Amino acid sequence: MNAPFPRPGLLDIAAYQPGESTIPGKDRVIKIASNESPLGASPKVSEAVKGGLNKLHLYPEGPATQLRQALATAYGIEAERIQCSNGSEEMLHMLARSYAGPGDEVIYSQYGFLAYPIAIQIAGATAVVVPEKNLHADIDAILAAVTPKTKIVFLANPNNPTGTYLPDAEIRRLHAGLPKGVLLALDEAYAEYATAPDYTSGLELARSADNVVVSRTFSKIYGLAAVRVGWSYCPQNVIDVLIRVRCSFNVNALAQIAACAALADNAHTEAARAHNTLWLPKVSAALAAIGIPVVPSQGNFILAEFKDAADARAADAHLRSDGIIIRPVAGYGLPGYLRITIGTAEENEALISSLTAYKKA
Ligand code: PMP
């Protein structure tokens, strides 16, 4: 009996359950479950990655200098204040590990991304979940939950899985209300899709704040979920910590090449944005028209509301029988809802006709 003891609390963590990508007995499936881009990556990415294949024996450039420079130019920010990561999820972990530990509290909103409590628990800190109001993060409730032990507030804007967002004024009110020394970690995985006139990226707020980090990803609009690249815009004091905490070569060489190529193809990114701007309202309206209300979304997915948990499960089963995989969100505490990614035109039409048949049955 020599089994080692893990750190206290680790076995209490509910391991992240990724969505399925196959259905037994179905050769072909439509997977509109993980908020991936229906347009895929820019064709220029595979060309660029091929160019890196003769350098597989070399370590990547650890600080991802070229990628950070390209991001700085694309987003109008300082390269020295960018940290890259193995997907933006790794960034959440780096932040949690760097700023919170046993005895500390980290706040996140009730229907926030499931990776937050996992990252918080791995760090050994206590996750403090703040109830939402009408599927929106509640700034007053978040501020009321802050204690002297609070170290970080994680907030996604727009949020997954609700698709809801907070306007700039609310984010600034949150920031203004936080005591000194609390890190505000704004997760903007879906920012590139947001079209609401009062949505503003936290990059502006972060420019002049010494306690705001904004994280972004190449997994969504850039269509690079497989290669795992995320990044964050941080104050210098946070960069000074992250460069010490990160693994030496956390973003692999092919991923750096892929991300640079994706960033350079503006036309492809614009096409992905335009596709979403066209289809998000179309799918939302089509579902509403058949009696499935949809939470207004600023992401590349919708949260569809069913009568109750049984109705949502039955709709999911019906979709699966038609070879369509969407994301049940019971694990988020939303058993009466299904989260559906905006797909290609054909995928969206297939979704609408399957749900129409479900409602008629
Ligand atoms: N934040 C949010 C809100 C997300 O929905 C996701 C992906 N589902 C991530 C972060 C992490 O994405 P990635 O690690 O692929 O960058």
# chains A, B, ... in the order shown; residues from 1 in each chain; ligands from 1

$ residues_near_ligand --ligand "ligand 1" --cutoff "8 Å" --atoms "only C-alpha atoms and all ligand atoms" --output "MDAnalysis selection string"
chainID A and resid 34:35 86:90 92 112:113 115 156:161 187:190 216:220 225 228:230

$ residues_around --residues "region 237-246 of chain A" --least-positions-apart "3" --cutoff "9 Å" --atoms "only C-alpha atoms" --output "short mmCIF file (atom, residue, chain, number, x, y, z; two decimals) with N, CA and C atoms, in the first residue's frame"
data_model
loop_
_atom_site.label_atom_id
_atom_site.label_comp_id
_atom_site.auth_asym_id
_atom_site.auth_seq_id
_atom_site.Cartn_x
_atom_site.Cartn_y
_atom_site.Cartn_z
N PRO A 63 9.14 32.50 -25.37
CA PRO A 63 8.28 33.67 -25.11
C PRO A 63 7.29 33.99 -26.24
N GLU A 80 4.93 43.62 -24.87
CA GLU A 80 5.54 43.25 -23.57
C GLU A 80 4.48 42.88 -22.54
N ARG A 81 3.25 43.32 -22.79
CA ARG A 81 2.19 43.06 -21.82
C ARG A 81 1.30 41.87 -22.24
N ILE A 82 1.79 41.07 -23.18
CA ILE A 82 1.02 39.89 -23.62
C ILE A 82 1.72 38.62 -23.14
N GLN A 83 0.93 37.71 -22.62
CA GLN A 83 1.45 36.38 -22.26
C GLN A 83 0.63 35.35 -23.05
N SER A 85 -0.48 31.28 -24.01
CA SER A 85 -0.74 30.07 -23.22
C SER A 85 -1.25 28.94 -24.11
N MET A 91 -4.35 29.70 -19.26
CA MET A 91 -4.17 31.02 -18.64
C MET A 91 -4.96 31.12 -17.34
N MET A 94 -3.00 29.38 -14.78
CA MET A 94 -1.80 30.12 -14.38
C MET A 94 -2.18 31.25 -13.43
N LEU A 95 -3.28 31.91 -13.74
CA LEU A 95 -3.71 33.04 -12.89
C LEU A 95 -4.13 32.53 -11.51
N ARG A 97 -3.28 29.75 -9.98
CA ARG A 97 -2.11 29.26 -9.23
C ARG A 97 -1.23 30.40 -8.73
N SER A 98 -1.18 31.47 -9.53
CA SER A 98 -0.28 32.57 -9.19
C SER A 98 -0.83 33.47 -8.10
N ASP A 210 -3.83 48.33 -13.09
CA ASP A 210 -2.75 47.41 -12.71
C ASP A 210 -3.28 46.11 -12.11
N ASN A 211 -4.61 45.91 -12.18
CA ASN A 211 -5.18 44.67 -11.62
C ASN A 211 -6.21 44.04 -12.55
N VAL A 213 -6.72 41.65 -16.03
CA VAL A 213 -6.16 40.79 -17.07
C VAL A 213 -7.30 40.43 -18.02
N TYR A 233 -3.75 39.88 -22.00
CA TYR A 233 -3.19 41.22 -21.93
C TYR A 233 -3.16 41.57 -20.45
N CYS A 234 -1.98 41.81 -19.92
CA CYS A 234 -1.80 41.92 -18.46
C CYS A 234 -1.04 43.19 -18.11
N PHE A 249 7.99 26.04 -22.44
CA PHE A 249 7.61 26.04 -23.86
C PHE A 249 6.12 25.73 -23.96
N ASN A 250 5.30 26.53 -23.28
CA ASN A 250 3.89 26.18 -23.13
C ASN A 250 3.09 26.29 -24.43
#

$ select_by_dssp --residues "region 159-221 of chain A" --states "alpha helix (DSSP H)" --output "list in words"
Asp168, Ala169, Glu170, Ile171, Arg172, Arg173, Leu174, His175, Ala176, Gly177, Leu203, Glu204, Leu205, Ala206 and Arg207 of chain A

$ select_by_dssp --residues "region 139-287 of chain A" --states "strand (DSSP E)" --output "PyMOL selection string"
chain A and resi 150-156+183-187+212-217+230-233

$ closest_residue --among "A:Lys359, A:Arg172, A:Ala312, A:His268" --to "Ala289 (chain A)" --atoms "only C-alpha atoms"
A:Lys359

$ atom_distance --atom1 "CA of Glu78 (chain A)" --atom2 "CA of Leu203 (chain A)"
11.1 Å

$ closest_atom_pairs --of "region 157-238 of chain A" --to "region 291-297 of chain A" --cutoff "8 Å" --atoms "only C-alpha atoms" --output "tab-separated table"
residue	atom	partner	partner_atom	distance
A:Thr162	CA	A:Val295	CA	7.0
A:Gly163	CA	A:Ser297	CA	4.2
A:Thr164	CA	A:Ser297	CA	5.5
A:Tyr165	CA	A:Ser297	CA	7.9

$ closest_residue --among "A:Val49, A:Ala255, A:Ile32, A:Ala3" --to "Ala350 (chain A)" --atoms "only C-alpha atoms"
A:Ile32
